[in-house]
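Presented below is the structure to which this report refers.
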Amino acid sequence: MTTSGAGAALSHVGKVRSNNQDSGYSGTQLFVVADGMGGHAGGDVASAMALNRIIEADEPYPTSEAAEVTLQSAILAANSILADTVFEHRELTGMGTTVSALAIIGDEVAIAHIGDSRIYLYREGEISQITVDHTFVQRLVDSGRITHEEAMVHPRRSVLMRVLGDVDASPEVDTMTLGTVPGDRWMLCSDGLSGVVDEEHIAATLGEGLSGQRTAEKLVRQSLDRGAPDNVTVVVVDIVDHEVRGVIPTIVGSASRPVAFGLSPQPRKSSILPNLWLHSGRSTPSGPTHFESASDDYLDELIEEDERRARRRRITWLVGLITVIVLIVGAVIGGYAWTQTRYFVGSDIDTVVIYQGIQQDIGPIKMSSVRQDTGIPLKSLSDFDRQAVDQTISASSFAEAQDIVKRLRVTGDK
């Protein structure tokens, strides 16, 4: 079976960022999302340069294997371009970008991915995340240290372990080939969507049966309605069983504008790329996403830091729990002590008794005790006084209770 894709792309700066560092592409065979980082003047350059190089691979592929190789080569070539640009423009040191790319070949799709932008498949009412985030928290999830729910709010959820940029001359790019059928809906997005809108709402929107463009608009709107703290880019691809004619490739985001930086006619050779340009001298990121070295020592340090944070959370929780327990016990003791300053006159079978405490009991716990059995027979009291004693007469002190007893004794004698 031969299939083709009908795509739509949309990008929005969001409600917090001052510039759009995302880039997106919807072409004939190829669809791409790139999420840049590295400061106000770096992220948009990185995603735009990378996307402009990668979309040169938008062409018919003889096989899915060939498509995988082509996409991987294009991404690595984009990485070299970014490194060369940083070499000539040191103010861009530290810039980088994620890339998620999907190419259609007959009844298969080839995928290439690096970073934390995502590719989802919506099929027959079910949504599946196809790519794996190259983030620190994803490694914690994979190792069973934290849950997916904890990853959503982890303070290092935006720390990337793999990106394109001036860090690694040959970054590891994930590639795969999957089958696809008419009716499938693929979605590529930056974390401006996936980090804000949950999969349940994404799936519901993908399943509404709207056009790709309307679907992309609704998904972006959902992110904006939730505050859109980052740029939002969405590419929707519908798989159909007929050839889609008249496709006009669409570029959105920073790549849709002229790139402010370029290479000189004779750029340096990538073989002399320094592999030590990490964070020194880089500009402050304009958002939470950034790259960290993926060395084993650094990962161990991050994991140890995360464990320390977890221990601090447990200690804080334990201290809080102990504090609450102490307050509750203190309140109980204080409350009980107060009840023992109260008195009331009541009856004990057939005599008048002065009780210390209050009339109410708490379950099986008695809140009063006999302070003095006066010996006054209940039958010696008038009907009115006997009824009052049966219902108890409150007193604020033992002396006041004794005064009440004296009055009852006098009236009883009469």
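Here, A, B, ... name the chains of the structure tokens in the order displayed, residue numbers run from 1 inside each chain, and ligands are numbered from 1 in the same displayed order.
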Considering only C-alpha atoms, return as a ChimeraX atom specification whatever protein or nucleic-acid residues lie within 10 Å of Tyr336 (chain A), sequence-local ones (same chain, fewer than 6 positions apart) excluded. /A:330,357-358,367-368
Selected residues, N, CA and C atoms, written as a JSON list (two decimals), in the first residue's frame, please.
```
[["chain", "number", "residue", "atom", "x", "y", "z"],
["A", 330, "GLY", "N", -0.50, 18.54, 71.97],
["A", 330, "GLY", "CA", -0.53, 19.71, 72.85],
["A", 330, "GLY", "C", -1.93, 20.27, 72.99],
["A", 357, "GLY", "N", -14.69, 18.53, 85.76],
["A", 357, "GLY", "CA", -14.63, 18.28, 84.32],
["A", 357, "GLY", "C", -15.86, 18.83, 83.63],
["A", 358, "ILE", "N", -16.15, 18.30, 82.47],
["A", 358, "ILE", "CA", -17.32, 18.74, 81.72],
["A", 358, "ILE", "C", -18.27, 17.57, 81.50],
["A", 367, "MET", "N", -14.77, 12.64, 80.42],
["A", 367, "MET", "CA", -14.17, 13.96, 80.61],
["A", 367, "MET", "C", -14.48, 14.52, 81.99],
["A", 368, "SER", "N", -14.96, 13.68, 82.89],
["A", 368, "SER", "CA", -15.27, 14.16, 84.25],
["A", 368, "SER", "C", -15.04, 13.03, 85.25]]
```
Non-local contacts of Gly5 (chain A) (9 Å; only C-alpha atoms; under 4 positions in same chain excluded) as a PyMOL selection string: chain A and resi 28-29+104+237-244
DSSP-assigned strand (DSSP E) among region 70-227 of chain A, expressed as a ChimeraX atom specification: /A:96-105,108-114,118-123,126-129,159-160,164-165,174-179,185-189
Take the residues from that selection and put them in a file with C-alpha atoms, as an mmCIF file, in the first residue's frame.
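Now in result.cif:
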```cif
data_model
loop_
_atom_site.group_PDB
_atom_site.id
_atom_site.type_symbol
_atom_site.label_atom_id
_atom_site.label_comp_id
_atom_site.auth_asym_id
_atom_site.auth_seq_id
_atom_site.Cartn_x
_atom_site.Cartn_y
_atom_site.Cartn_z
ATOM 1 C CA GLY A 96 21.730 24.374 20.685
ATOM 2 C CA THR A 97 18.500 22.825 19.514
ATOM 3 C CA THR A 98 16.408 19.708 19.722
ATOM 4 C CA VAL A 99 15.236 18.010 16.525
ATOM 5 C CA SER A 100 12.383 15.597 15.894
ATOM 6 C CA ALA A 101 11.919 14.613 12.248
ATOM 7 C CA LEU A 102 9.532 12.249 10.487
ATOM 8 C CA ALA A 103 9.658 11.129 6.854
ATOM 9 C CA ILE A 104 6.978 9.132 5.014
ATOM 10 C CA ILE A 105 8.032 6.239 2.754
ATOM 11 C CA GLU A 108 6.298 3.312 6.730
ATOM 12 C CA VAL A 109 7.692 6.333 8.510
ATOM 13 C CA ALA A 110 11.348 6.969 9.353
ATOM 14 C CA ILE A 111 12.028 8.944 12.520
ATOM 15 C CA ALA A 112 15.140 10.773 13.719
ATOM 16 C CA HIS A 113 15.194 12.419 17.120
ATOM 17 C CA ILE A 114 17.433 14.178 19.620
ATOM 18 C CA ARG A 118 8.281 14.740 20.852
ATOM 19 C CA ILE A 119 6.571 12.653 18.188
ATOM 20 C CA TYR A 120 3.183 11.116 18.989
ATOM 21 C CA LEU A 121 1.044 8.636 17.060
ATOM 22 C CA TYR A 122 -2.744 8.813 17.322
ATOM 23 C CA ARG A 123 -4.336 5.609 16.026
ATOM 24 C CA GLU A 126 -5.263 5.791 21.295
ATOM 25 C CA ILE A 127 -2.244 8.063 21.625
ATOM 26 C CA SER A 128 1.344 6.822 21.968
ATOM 27 C CA GLN A 129 4.522 8.767 22.619
ATOM 28 C CA VAL A 159 17.762 19.575 31.708
ATOM 29 C CA LEU A 160 18.699 18.030 28.363
ATOM 30 C CA LEU A 164 22.619 19.616 18.581
ATOM 31 C CA GLY A 165 25.063 22.451 19.080
ATOM 32 C CA ASP A 174 17.840 8.094 17.760
ATOM 33 C CA THR A 175 16.430 6.645 14.534
ATOM 34 C CA MET A 176 13.699 4.101 13.878
ATOM 35 C CA THR A 177 11.254 2.906 11.252
ATOM 36 C CA LEU A 178 7.606 2.183 12.025
ATOM 37 C CA GLY A 179 4.649 1.062 9.959
ATOM 38 C CA ARG A 185 -2.397 10.921 12.744
ATOM 39 C CA TRP A 186 1.179 11.819 13.666
ATOM 40 C CA MET A 187 2.017 14.880 15.723
ATOM 41 C CA LEU A 188 5.388 16.513 16.298
ATOM 42 C CA CYS A 189 5.653 19.182 18.982
#
```
For each of A:Ile333, A:Met161, A:Ile376, A:Leu30, take the minimum atom-to-atom distance to Ser4 (chain A), counting only C-alpha atoms, then give the residue where this is smallest.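 Ranked by minimum distance to Ser4 (chain A), first place goes to A:Leu30.
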As a count of residues only, list the residues of region 150-271 of chain A assigned to alpha helix (DSSP H) by DSSP on the backbone atoms of this structure. 29
Would you list the contacts of Asp191 (chain A) as a ChimeraX atom specification, taking every protein, DNA or RNA residue within 12 Å and counting only C-alpha atoms, but skipping same-chain residues closer than 3 positions in sequence? /A:14,21-22,33-36,98-100,115-119,133,135,152,157-158,160,188,194-198,220,223,228-234,287-289
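CA of Ser397 (chain A) is found 6.0 Å from CA of Arg342 (chain A).
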Calculated over only C-alpha atoms, which of the candidates A:Thr85, A:Ser26, A:Ser143, A:Gln360 has the smallest distance to Gly212 (chain A)?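 Counting only C-alpha atoms, the residue closest to Gly212 (chain A) is A:Ser26.
Minimum atom-to-atom distances from A:Gly253, A:Phe398, A:Val324, A:Val332 to Gly43 (chain A) were compared using only C-alpha atoms, and the lowest value belongs to A:Gly253.
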Which one of A:Ala66, A:Ala204, A:Val153, A:Val45 sits closest to Glu124 (chain A) if you count only C-alpha atoms?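 Closest to Glu124 (chain A), using only C-alpha atoms: A:Ala204.
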